[in-house]
$ cat input28.cif   # mmCIF, C-alpha atoms and all ligand atoms
data_work
loop_
_atom_site.label_atom_id
_atom_site.label_comp_id
_atom_site.auth_asym_id
_atom_site.auth_seq_id
_atom_site.Cartn_x
_atom_site.Cartn_y
_atom_site.Cartn_z
CA MET A 1 28.79 51.28 -47.73
CA GLY A 2 30.89 52.77 -50.52
CA THR A 3 30.30 49.93 -52.95
CA TYR A 4 26.68 49.63 -52.00
CA ALA A 5 25.98 53.35 -52.32
CA ALA A 6 27.58 53.35 -55.75
CA GLU A 7 25.10 50.83 -57.08
CA ILE A 8 21.75 51.85 -55.79
CA ALA A 9 19.56 53.98 -57.94
CA VAL A 10 18.63 56.97 -55.92
CA PRO A 11 19.37 60.64 -56.36
CA PRO A 12 21.20 62.55 -53.65
CA PRO A 13 19.04 64.44 -51.19
CA ALA A 14 17.89 67.81 -52.42
CA ASP A 15 19.65 69.59 -49.58
CA ALA A 16 22.96 67.82 -50.10
CA GLY A 17 24.33 70.58 -52.29
CA GLU A 18 27.09 69.79 -54.74
CA ARG A 19 28.17 66.23 -55.28
CA PRO A 20 31.38 65.58 -53.35
CA ALA A 21 34.55 65.74 -55.43
CA ASP A 22 35.25 62.04 -55.11
CA ALA A 23 31.78 61.23 -56.38
CA ALA A 24 32.17 63.59 -59.32
CA ASP A 25 35.49 61.98 -60.22
CA GLN A 26 34.24 58.47 -59.90
CA PRO A 27 33.58 56.82 -63.27
CA ASP A 28 29.87 56.45 -63.77
CA GLU A 29 29.76 52.87 -64.89
CA GLN A 30 26.11 52.97 -65.88
CA HIS A 31 26.56 55.95 -68.18
CA ALA A 32 30.00 55.32 -69.49
CA ASP A 33 29.75 57.84 -72.31
CA GLY A 34 29.42 60.62 -69.76
CA ALA A 35 27.32 62.61 -72.20
CA GLU A 36 24.03 64.25 -71.34
CA GLN A 37 24.31 63.40 -67.70
CA PRO A 38 21.16 64.36 -65.84
CA ALA A 39 21.62 66.71 -62.91
CA ILE A 40 20.93 63.74 -60.70
CA ALA A 41 22.85 60.75 -61.93
CA LEU A 42 21.22 57.48 -60.99
CA GLY A 43 23.75 54.83 -60.21
CA ALA A 44 26.32 57.43 -59.19
CA ALA A 45 27.66 57.66 -55.70
CA VAL A 46 25.21 59.02 -53.18
CA PRO A 47 26.40 61.30 -50.41
CA ALA A 48 26.34 59.55 -47.08
CA ALA A 49 23.76 62.04 -45.80
CA GLY A 50 21.16 60.36 -48.00
CA LEU A 51 21.82 56.93 -46.61
CA SER A 52 22.20 57.27 -42.90
CA ALA A 53 22.74 53.98 -41.15
CA ASP A 54 19.94 55.03 -38.78
CA GLY A 55 17.43 55.01 -41.61
CA PRO A 56 15.76 57.71 -43.66
CA SER A 57 15.41 61.30 -42.54
CA PRO A 58 11.89 62.79 -42.32
CA ASN A 59 12.28 64.66 -45.63
CA GLU A 60 12.64 61.31 -47.39
CA ILE A 61 9.20 60.11 -46.32
CA ARG A 62 6.01 60.96 -48.22
CA VAL A 63 2.92 61.39 -46.11
CA PRO A 64 -0.34 61.95 -48.03
CA VAL A 65 -2.33 65.03 -47.07
CA LEU A 66 -5.49 62.96 -46.59
CA LYS A 67 -4.22 59.69 -45.14
CA ASN A 68 -7.61 58.09 -44.62
CA LEU A 69 -8.86 59.06 -48.08
CA ASP A 70 -5.67 57.57 -49.53
CA ARG A 71 -6.29 54.36 -47.55
CA ALA A 72 -9.94 54.24 -48.65
CA ILE A 73 -9.04 54.60 -52.34
CA THR A 74 -6.25 52.03 -51.98
CA GLY A 75 -8.71 49.70 -50.23
CA LEU A 76 -11.24 50.15 -53.02
CA ILE A 77 -8.68 49.45 -55.76
CA THR A 78 -7.37 46.44 -53.81
CA ALA A 79 -10.70 44.93 -52.74
CA VAL A 80 -13.02 45.49 -55.70
CA PRO A 81 -11.12 43.32 -58.23
CA PRO A 82 -11.04 40.21 -55.94
CA LEU A 83 -14.77 40.68 -55.23
CA LEU A 84 -15.56 40.86 -58.93
CA LEU A 85 -13.27 37.89 -59.45
CA VAL A 86 -16.09 35.80 -57.98
CA LEU A 87 -18.19 36.90 -60.95
CA ALA A 88 -15.35 36.02 -63.34
CA GLY A 89 -14.99 32.64 -61.59
CA SER A 90 -18.68 31.91 -62.02
CA GLN A 91 -18.36 32.68 -65.75
CA LEU A 92 -15.50 30.19 -65.96
CA TRP A 93 -17.50 27.63 -63.97
CA ASN A 94 -20.53 28.03 -66.20
CA ARG A 95 -18.39 28.01 -69.34
CA GLU A 96 -19.62 31.50 -70.18
CA LEU A 97 -16.12 32.80 -70.87
CA HIS A 98 -15.77 33.84 -74.50
CA TRP A 99 -12.57 33.67 -76.53
CA ARG A 100 -12.91 37.41 -77.14
CA ASP A 101 -12.62 38.07 -73.38
CA VAL A 102 -9.39 36.06 -73.19
CA LEU A 103 -8.10 37.99 -76.19
CA ILE A 104 -9.07 41.35 -74.66
CA PHE A 105 -7.43 40.30 -71.36
CA ALA A 106 -4.16 39.62 -73.23
CA LEU A 107 -4.51 42.78 -75.35
CA LEU A 108 -4.64 44.83 -72.14
CA TYR A 109 -2.34 42.75 -69.90
CA VAL A 110 0.70 42.78 -72.19
CA PRO A 111 0.96 46.53 -72.97
CA THR A 112 0.02 47.71 -69.46
CA GLY A 113 2.38 45.13 -67.90
CA LEU A 114 5.20 46.27 -70.16
CA GLY A 115 4.24 49.86 -69.29
CA VAL A 116 5.10 49.02 -65.68
CA THR A 117 8.26 47.00 -66.33
CA VAL A 118 9.80 48.77 -69.33
CA GLY A 119 8.30 52.20 -68.59
CA LEU A 120 7.83 52.84 -64.87
CA HIS A 121 10.61 50.52 -63.72
CA ARG A 122 13.49 50.20 -66.20
CA LEU A 123 13.13 53.61 -67.90
CA LEU A 124 11.73 56.04 -65.34
CA THR A 125 13.05 54.56 -62.07
CA HIS A 126 16.45 53.29 -63.21
CA ARG A 127 17.08 55.13 -66.51
CA SER A 128 18.38 51.94 -68.07
CA PHE A 129 17.90 53.41 -71.55
CA LYS A 130 17.01 56.70 -73.23
CA THR A 131 14.17 57.41 -75.62
CA TYR A 132 12.06 60.12 -77.26
CA ALA A 133 9.68 62.18 -75.12
CA TRP A 134 6.61 60.75 -76.90
CA LEU A 135 7.66 57.16 -76.17
CA ARG A 136 8.50 58.08 -72.57
CA GLY A 137 5.00 59.54 -72.28
CA LEU A 138 3.36 56.51 -73.92
CA LEU A 139 5.19 54.07 -71.63
CA ALA A 140 4.23 56.18 -68.60
CA VAL A 141 0.58 56.17 -69.75
CA LEU A 142 0.54 52.39 -70.29
CA GLY A 143 2.15 51.82 -66.88
CA THR A 144 -0.36 54.18 -65.26
CA MET A 145 -3.19 52.10 -66.74
CA ALA A 146 -2.06 49.29 -64.40
CA VAL A 147 -3.57 51.46 -61.60
CA GLU A 148 -0.60 51.17 -59.25
CA GLY A 149 -0.68 54.84 -58.25
CA PRO A 150 0.55 58.05 -59.92
CA VAL A 151 3.78 57.38 -61.81
CA ILE A 152 6.05 59.69 -59.79
CA SER A 153 4.88 58.22 -56.48
CA TRP A 154 5.51 54.73 -57.91
CA VAL A 155 9.05 55.70 -58.83
CA ALA A 156 9.73 57.46 -55.50
CA ASP A 157 8.64 54.37 -53.53
CA HIS A 158 10.70 52.06 -55.71
CA ARG A 159 13.85 54.18 -55.56
CA LYS A 160 13.49 54.25 -51.78
CA HIS A 161 13.17 50.45 -51.84
CA HIS A 162 16.55 50.26 -53.60
CA ALA A 163 18.11 52.83 -51.27
CA TYR A 164 17.14 50.90 -48.13
CA SER A 165 16.57 47.35 -49.43
CA ASP A 166 15.59 45.07 -46.56
CA ARG A 167 16.74 47.64 -44.00
CA PHE A 168 14.83 50.12 -41.87
CA GLY A 169 13.45 52.65 -44.39
CA ASP A 170 12.49 50.10 -47.08
CA PRO A 171 8.78 50.74 -47.85
CA HIS A 172 8.04 47.05 -48.42
CA SER A 173 10.59 44.66 -46.97
CA PRO A 174 9.28 41.31 -45.69
CA HIS A 175 12.31 41.18 -43.37
CA VAL A 176 12.17 44.35 -41.26
CA ASP A 177 10.30 44.49 -37.94
CA HIS A 178 7.90 41.61 -38.47
CA GLY A 179 9.09 39.28 -35.71
CA GLY A 180 10.57 35.80 -35.94
CA GLY A 181 9.27 32.33 -36.70
CA TRP A 182 6.62 31.45 -39.23
CA ARG A 183 4.26 34.10 -37.86
CA GLY A 184 6.88 36.79 -38.49
CA ALA A 185 7.52 35.39 -41.97
CA LEU A 186 3.81 35.47 -42.84
CA ARG A 187 3.43 38.96 -41.35
CA GLY A 188 6.44 40.14 -43.36
CA LEU A 189 5.15 38.64 -46.60
CA ALA A 190 1.69 40.16 -46.08
CA HIS A 191 3.25 43.58 -45.42
CA ALA A 192 5.55 43.36 -48.47
CA HIS A 193 2.74 42.11 -50.69
CA VAL A 194 -0.09 44.53 -49.97
CA GLY A 195 0.02 45.80 -46.35
CA TRP A 196 2.61 48.48 -47.11
CA LEU A 197 0.14 50.19 -49.45
CA PHE A 198 -1.89 51.15 -46.39
CA ASP A 199 1.15 52.18 -44.35
CA HIS A 200 2.44 55.70 -44.88
CA SER A 201 5.41 55.56 -42.51
CA GLN A 202 8.10 54.69 -45.09
CA ARG A 203 6.85 55.86 -48.48
CA GLY A 204 9.32 57.70 -50.73
CA ALA A 205 9.11 61.51 -50.75
CA ARG A 206 8.63 62.61 -54.35
CA GLU A 207 10.78 65.74 -54.03
CA ARG A 208 13.62 63.73 -52.53
CA PHE A 209 13.50 60.58 -54.65
CA ALA A 210 12.10 61.79 -57.98
CA PRO A 211 12.98 65.48 -58.54
CA ASP A 212 14.07 64.59 -62.08
CA LEU A 213 10.57 63.34 -62.93
CA LEU A 214 8.82 66.26 -61.22
CA ALA A 215 10.86 68.46 -63.57
CA ASP A 216 9.97 66.34 -66.63
CA PRO A 217 6.86 67.97 -68.19
CA VAL A 218 5.76 64.79 -70.00
CA VAL A 219 5.98 62.53 -66.96
CA ALA A 220 4.58 65.20 -64.61
CA PHE A 221 1.54 65.53 -66.90
CA VAL A 222 0.90 61.76 -66.89
CA ASP A 223 1.33 61.81 -63.10
CA ARG A 224 -1.24 64.62 -62.67
CA THR A 225 -3.74 62.89 -64.96
CA PHE A 226 -3.50 59.48 -63.23
CA LEU A 227 -7.28 59.12 -62.91
CA LEU A 228 -7.85 59.74 -66.62
CA TRP A 229 -5.47 56.95 -67.71
CA SER A 230 -6.81 54.56 -65.07
CA LEU A 231 -10.34 55.06 -66.43
CA LEU A 232 -9.08 54.73 -70.01
CA GLY A 233 -7.73 51.31 -68.99
CA LEU A 234 -11.34 50.35 -68.23
CA ALA A 235 -12.95 52.14 -71.20
CA ILE A 236 -10.71 50.44 -73.79
CA PRO A 237 -11.73 46.84 -72.92
CA PHE A 238 -15.39 47.90 -72.66
CA GLY A 239 -15.19 49.52 -76.11
CA LEU A 240 -13.39 46.51 -77.60
CA GLY A 241 -16.03 44.19 -76.14
CA VAL A 242 -18.88 46.21 -77.67
CA LEU A 243 -17.01 46.40 -80.96
CA ILE A 244 -16.29 42.68 -81.21
CA GLY A 245 -19.37 41.29 -79.44
CA GLY A 246 -21.85 43.86 -80.71
CA THR A 247 -23.76 44.25 -77.42
CA ILE A 248 -23.44 46.20 -74.16
CA GLY A 249 -23.35 42.84 -72.36
CA ALA A 250 -20.29 41.84 -74.39
CA GLY A 251 -18.74 45.19 -73.40
CA LEU A 252 -19.39 44.49 -69.71
CA ASP A 253 -17.85 41.00 -69.98
CA ALA A 254 -14.77 42.53 -71.64
CA LEU A 255 -14.65 45.21 -68.93
CA LEU A 256 -14.60 42.42 -66.33
CA TRP A 257 -11.78 40.44 -67.99
CA GLY A 258 -9.74 43.15 -69.73
CA GLY A 259 -10.27 45.69 -66.95
CA VAL A 260 -10.90 44.23 -63.51
CA VAL A 261 -9.32 40.76 -63.79
CA ARG A 262 -6.37 42.18 -65.73
CA ILE A 263 -5.77 44.84 -63.02
CA PHE A 264 -6.06 42.17 -60.30
CA VAL A 265 -3.56 39.79 -61.94
CA LEU A 266 -1.08 42.57 -62.75
CA HIS A 267 -1.35 43.99 -59.21
CA HIS A 268 -0.56 40.67 -57.61
CA VAL A 269 2.26 39.88 -60.03
CA THR A 270 3.81 43.28 -59.17
CA TYR A 271 3.20 42.75 -55.44
CA SER A 272 4.81 39.30 -55.70
CA ILE A 273 8.06 40.88 -56.86
CA ASN A 274 8.09 42.85 -53.61
CA SER A 275 7.11 39.92 -51.39
CA LEU A 276 8.02 36.54 -52.95
CA CYS A 277 11.15 37.78 -54.74
CA HIS A 278 12.65 38.89 -51.42
CA PHE A 279 11.85 35.54 -49.84
CA PHE A 280 11.81 32.57 -52.24
CA GLY A 281 14.07 31.56 -55.11
CA ARG A 282 17.77 31.50 -55.89
CA ARG A 283 20.51 34.04 -55.40
CA ARG A 284 23.00 34.34 -58.24
CA PHE A 285 24.78 37.49 -57.14
CA ALA A 286 26.08 38.88 -53.87
CA THR A 287 23.84 41.73 -52.74
CA SER A 288 23.36 43.24 -49.30
CA ASP A 289 19.62 42.46 -49.35
CA HIS A 290 17.48 39.32 -49.58
CA SER A 291 16.51 39.65 -53.26
CA ARG A 292 16.04 36.40 -55.17
CA ASN A 293 15.40 35.08 -58.68
CA LEU A 294 12.03 33.32 -58.91
CA LEU A 295 11.94 31.35 -62.15
CA TRP A 296 8.22 30.54 -62.41
CA LEU A 297 7.23 34.19 -61.97
CA ALA A 298 9.52 35.44 -64.75
CA PRO A 299 7.22 34.99 -67.79
CA LEU A 300 4.11 36.46 -66.12
CA SER A 301 6.13 39.40 -64.71
CA PHE A 302 7.84 40.09 -68.07
CA GLY A 303 11.24 39.23 -66.59
CA GLU A 304 11.00 41.25 -63.38
CA ALA A 305 11.26 38.11 -61.25
CA TRP A 306 15.03 37.94 -61.94
CA HIS A 307 15.03 40.22 -58.94
CA ASN A 308 18.38 39.22 -57.43
CA ASN A 309 20.03 40.06 -60.78
CA HIS A 310 18.18 43.39 -60.71
CA HIS A 311 19.31 44.30 -57.18
CA ALA A 312 22.88 43.36 -58.12
CA PHE A 313 22.76 45.60 -61.23
CA PRO A 314 19.82 48.06 -60.83
CA THR A 315 20.51 50.11 -63.94
CA SER A 316 20.77 47.15 -66.31
CA ALA A 317 18.07 47.19 -68.99
CA PHE A 318 18.15 43.39 -68.86
CA HIS A 319 17.07 41.54 -65.72
CA GLY A 320 17.48 38.13 -67.32
CA MET A 321 21.27 37.66 -67.48
CA GLY A 322 21.69 34.25 -69.03
CA PRO A 323 20.31 32.36 -72.01
CA ALA A 324 17.90 30.45 -69.76
CA GLU A 325 16.59 33.58 -68.01
CA VAL A 326 13.55 34.62 -70.05
CA ASP A 327 13.18 38.40 -69.93
CA PRO A 328 10.35 39.66 -72.18
CA SER A 329 10.90 43.30 -71.12
CA GLY A 330 14.57 42.99 -72.09
CA ILE A 331 13.54 41.58 -75.48
CA VAL A 332 11.21 44.56 -76.01
CA ILE A 333 13.98 47.04 -75.11
CA ALA A 334 16.48 45.30 -77.42
CA THR A 335 13.91 45.33 -80.24
CA LEU A 336 13.16 49.03 -79.72
CA GLU A 337 16.92 49.66 -79.78
CA ARG A 338 17.30 47.78 -83.06
CA VAL A 339 14.64 49.94 -84.74
CA GLY A 340 16.21 53.10 -83.35
CA LEU A 341 13.47 54.07 -80.89
CA VAL A 342 15.66 53.74 -77.79
CA TRP A 343 19.39 54.23 -77.23
CA ASP A 344 22.09 54.26 -74.53
CA VAL A 345 20.80 50.87 -73.37
CA GLN A 346 22.66 49.82 -70.23
CA ARG A 347 24.29 46.38 -70.34
CA ILE A 348 26.39 44.57 -67.75
CA GLY A 349 29.45 42.86 -69.21
CA ALA A 350 30.50 39.32 -68.32
CA GLU A 351 33.39 40.60 -66.22
CA ARG A 352 31.19 42.72 -63.94
CA GLN A 353 28.72 39.86 -63.60
CA ALA A 354 31.52 37.44 -62.69
CA ALA A 355 32.84 39.82 -60.04
CA LYS A 356 29.56 39.65 -58.15
CA ALA A 357 28.62 36.05 -58.86
CA LEU A 358 28.09 33.80 -55.85
ZN ZN B 401 13.48 44.40 -54.45
ZN ZN B 402 14.22 48.41 -59.37
#

$ encode --input "input28.cif" --output "structure tokens"
Amino acid sequence: MGTYAAEIAVPPPADAGERPADAADQPDEQHADGAEQPAIALGAAVPAAGLSADGPSPNEIRVPVLKNLDRAITGLITAVPPLLLVLAGSQLWNRELHWRDVLIFALLYVPTGLGVTVGLHRLLTHRSFKTYAWLRGLLAVLGTMAVEGPVISWVADHRKHHAYSDRFGDPHSPHVDHGGGWRGALRGLAHAHVGWLFDHSQRGARERFAPDLLADPVVAFVDRTFLLWSLLGLAIPFGLGVLIGGTIGAGLDALLWGGVVRIFVLHHVTYSINSLCHFFGRRRFATSDHSRNLLWLAPLSFGEAWHNNHHAFPTSAFHGMGPAEVDPSGIVIATLERVGLVWDVQRIGAERQAAKAL
């Protein structure tokens, strides 16, 4: 428990009071400089009260005020893109797909995807580097345009996933309470992929898992204005389509590919990290969960599919940990560091990697 608790990325419970003396004395390996420590140090030891072996306490679970409305909106966001995908498929079939739509897809997919991986995940959830407020806001906005929920809820769910990985309390484990055999496996994968979005029993409480972001005015603003950024993610491709194609029809085509199809693909790539990357692939490091590295998903997920590496070293800015492990998000962070836009980038030395290697 001690080792495990020291490596997850979750703040102590709000009611835990002061950090215990031994935790305060413990070297914080992810923030070795010790400077500018946030009140809640991710990667630091977590008081046992926050990680009961019996699972999460009620104050760790977020229950939406209007459960059915939440489910209806989630259903709409989940079901509409696949329905419109039929339209996109018919365009492909009839060779009506224009190069400009492919371009607009890529122009939207790359920045919003990086908004999720570099922004929502590596920066806001795990604090694997530091940056200016404006860049933090921009990354949060880009990630929000992926339409995966308000940013602080995203972070709270993901921190809870790390706190209870593949144990009771994990919001989206394919391995907990789904039964045995191939039926259990399929049920588990379906739950981890998309079913958990409709299940409010193990979501992360924002006050418990993301008090630092609730107190961050930039991130809290982006969180409050979730709808605005989601709609902007549709307006931009429409506008680009009109601009390049010169007609409303061209705008609607671009809205389909750069908006709807892009959201669909990014959703299912993200969902696959939660489902496939806890089920298929190789394990390089010893972790107490079922996380795995899934090579073929790495490029499309901007490096997030090196998920076993990530669970072994949650605060590392780099999920790819070898020359053959392509990690586009890591490349972006290293580039931003080189030009001075980000700093305190967390790296895991060869010695620490070797200590956990299988
Ligand atoms: Zn995971
Ligand atoms: Zn993570």

$ residues_around --input "input28.cif" --residues "stretch 250-266 of chain A" --least-positions-apart "6" --cutoff "6 Å" --atoms "all atoms listed in the file" --output "ChimeraX atom specification"
/A:81,101,104-105,108-109,146,234,237-238,241-242

$ residues_near_ligand --input "input28.cif" --ligand "ligand ZN 401 (chain B)" --cutoff "12 Å" --atoms "all atoms listed in the file" --output "ChimeraX atom specification"
/A:8-9,121,157-167,170-175,192-193,270-279,287-293,304-314

$ closest_residue --input "input28.cif" --among "A:Phe168, A:Trp343, A:Phe129, A:Phe280" --to "A:Gln202" --atoms "all atoms listed in the file"
A:Phe168

$ atom_distance --input "input28.cif" --atom1 "atom CA of A:Glu207" --atom2 "atom CA of A:Ala140"
18.6 Å

$ atom_distance --input "input28.cif" --atom1 "atom CA of A:Ser201" --atom2 "atom CA of A:Val63"
7.3 Å

$ atom_distance --input "input28.cif" --atom1 "atom CA of A:Arg283" --atom2 "atom CA of A:Ala357"
9.0 Å

$ residues_around --input "input28.cif" --residues "A:Ala317" --least-positions-apart "6" --cutoff "10 Å" --atoms "only C-alpha atoms" --output "VMD selection string"
chain A and resid 118 121 to 123 126 to 129 310 329 to 331 333 to 334 344 to 348

$ decode --input "input28.cif" --residues "stretch 106-136 of chain A" --atoms "N, CA and C atoms" --output "JSON list (two decimals), in the first residue's frame"
[["chain", "number", "residue", "atom", "x", "y", "z"],
["A", 106, "ALA", "N", -8.20, 16.76, -39.94],
["A", 106, "ALA", "CA", -6.87, 16.75, -39.29],
["A", 106, "ALA", "C", -6.62, 18.04, -38.52],
["A", 107, "LEU", "N", -7.06, 19.17, -39.10],
["A", 107, "LEU", "CA", -6.85, 20.47, -38.44],
["A", 107, "LEU", "C", -7.57, 20.55, -37.09],
["A", 108, "LEU", "N", -8.66, 19.80, -36.97],
["A", 108, "LEU", "CA", -9.40, 19.78, -35.70],
["A", 108, "LEU", "C", -8.96, 18.63, -34.81],
["A", 109, "TYR", "N", -8.67, 17.47, -35.42],
["A", 109, "TYR", "CA", -8.33, 16.28, -34.63],
["A", 109, "TYR", "C", -7.05, 16.48, -33.83],
["A", 110, "VAL", "N", -6.01, 17.02, -34.49],
["A", 110, "VAL", "CA", -4.71, 17.12, -33.83],
["A", 110, "VAL", "C", -4.74, 18.07, -32.62],
["A", 111, "PRO", "N", -5.20, 19.32, -32.78],
["A", 111, "PRO", "CA", -5.17, 20.20, -31.60],
["A", 111, "PRO", "C", -6.15, 19.78, -30.49],
["A", 112, "THR", "N", -7.34, 19.28, -30.86],
["A", 112, "THR", "CA", -8.26, 18.90, -29.78],
["A", 112, "THR", "C", -7.78, 17.62, -29.11],
["A", 113, "GLY", "N", -7.17, 16.71, -29.89],
["A", 113, "GLY", "CA", -6.61, 15.49, -29.30],
["A", 113, "GLY", "C", -5.48, 15.82, -28.35],
["A", 114, "LEU", "N", -4.60, 16.72, -28.78],
["A", 114, "LEU", "CA", -3.50, 17.14, -27.90],
["A", 114, "LEU", "C", -4.03, 17.92, -26.70],
["A", 115, "GLY", "N", -5.15, 18.61, -26.89],
["A", 115, "GLY", "CA", -5.79, 19.30, -25.76],
["A", 115, "GLY", "C", -6.17, 18.31, -24.67],
["A", 116, "VAL", "N", -6.62, 17.12, -25.09],
["A", 116, "VAL", "CA", -6.98, 16.08, -24.11],
["A", 116, "VAL", "C", -5.71, 15.49, -23.49],
["A", 117, "THR", "N", -4.74, 15.10, -24.34],
["A", 117, "THR", "CA", -3.60, 14.35, -23.81],
["A", 117, "THR", "C", -2.59, 15.25, -23.08],
["A", 118, "VAL", "N", -2.20, 16.35, -23.75],
["A", 118, "VAL", "CA", -1.22, 17.25, -23.12],
["A", 118, "VAL", "C", -1.89, 18.11, -22.05],
["A", 119, "GLY", "N", -3.12, 18.59, -22.36],
["A", 119, "GLY", "CA", -3.80, 19.51, -21.46],
["A", 119, "GLY", "C", -4.53, 18.81, -20.32],
["A", 120, "LEU", "N", -5.66, 18.17, -20.65],
["A", 120, "LEU", "CA", -6.50, 17.57, -19.60],
["A", 120, "LEU", "C", -5.75, 16.49, -18.82],
["A", 121, "HIS", "N", -4.98, 15.66, -19.56],
["A", 121, "HIS", "CA", -4.36, 14.51, -18.89],
["A", 121, "HIS", "C", -3.02, 14.85, -18.24],
["A", 122, "ARG", "N", -2.00, 15.16, -19.07],
["A", 122, "ARG", "CA", -0.65, 15.27, -18.51],
["A", 122, "ARG", "C", -0.45, 16.53, -17.67],
["A", 123, "LEU", "N", -1.10, 17.65, -18.08],
["A", 123, "LEU", "CA", -0.95, 18.89, -17.30],
["A", 123, "LEU", "C", -1.92, 18.95, -16.13],
["A", 124, "LEU", "N", -3.23, 18.92, -16.44],
["A", 124, "LEU", "CA", -4.21, 19.21, -15.39],
["A", 124, "LEU", "C", -4.42, 18.03, -14.44],
["A", 125, "THR", "N", -4.44, 16.80, -14.94],
["A", 125, "THR", "CA", -4.65, 15.66, -14.04],
["A", 125, "THR", "C", -3.39, 15.34, -13.26],
["A", 126, "HIS", "N", -2.25, 15.26, -13.97],
["A", 126, "HIS", "CA", -1.04, 14.73, -13.33],
["A", 126, "HIS", "C", 0.05, 15.77, -13.06],
["A", 127, "ARG", "N", -0.18, 17.02, -13.50],
["A", 127, "ARG", "CA", 0.81, 18.09, -13.29],
["A", 127, "ARG", "C", 2.22, 17.65, -13.68],
["A", 128, "SER", "N", 2.33, 17.10, -14.88],
["A", 128, "SER", "CA", 3.64, 16.59, -15.29],
["A", 128, "SER", "C", 4.55, 17.70, -15.83],
["A", 129, "PHE", "N", 4.02, 18.92, -15.93],
["A", 129, "PHE", "CA", 4.85, 20.08, -16.24],
["A", 129, "PHE", "C", 4.11, 21.32, -15.78],
["A", 130, "LYS", "N", 4.81, 22.46, -15.81],
["A", 130, "LYS", "CA", 4.17, 23.72, -15.44],
["A", 130, "LYS", "C", 4.18, 24.64, -16.64],
["A", 131, "THR", "N", 3.23, 25.57, -16.68],
["A", 131, "THR", "CA", 3.18, 26.50, -17.80],
["A", 131, "THR", "C", 2.46, 27.78, -17.38],
["A", 132, "TYR", "N", 2.40, 28.73, -18.32],
["A", 132, "TYR", "CA", 1.72, 30.00, -18.08],
["A", 132, "TYR", "C", 0.21, 29.77, -18.02],
["A", 133, "ALA", "N", -0.48, 30.69, -17.33],
["A", 133, "ALA", "CA", -1.94, 30.58, -17.19],
["A", 133, "ALA", "C", -2.62, 30.57, -18.56],
["A", 134, "TRP", "N", -2.14, 31.41, -19.50],
["A", 134, "TRP", "CA", -2.82, 31.49, -20.80],
["A", 134, "TRP", "C", -2.70, 30.18, -21.57],
["A", 135, "LEU", "N", -1.55, 29.50, -21.44],
["A", 135, "LEU", "CA", -1.37, 28.24, -22.15],
["A", 135, "LEU", "C", -2.17, 27.12, -21.46],
["A", 136, "ARG", "N", -2.26, 27.22, -20.13],
["A", 136, "ARG", "CA", -3.08, 26.26, -19.38],
["A", 136, "ARG", "C", -4.54, 26.40, -19.83]]
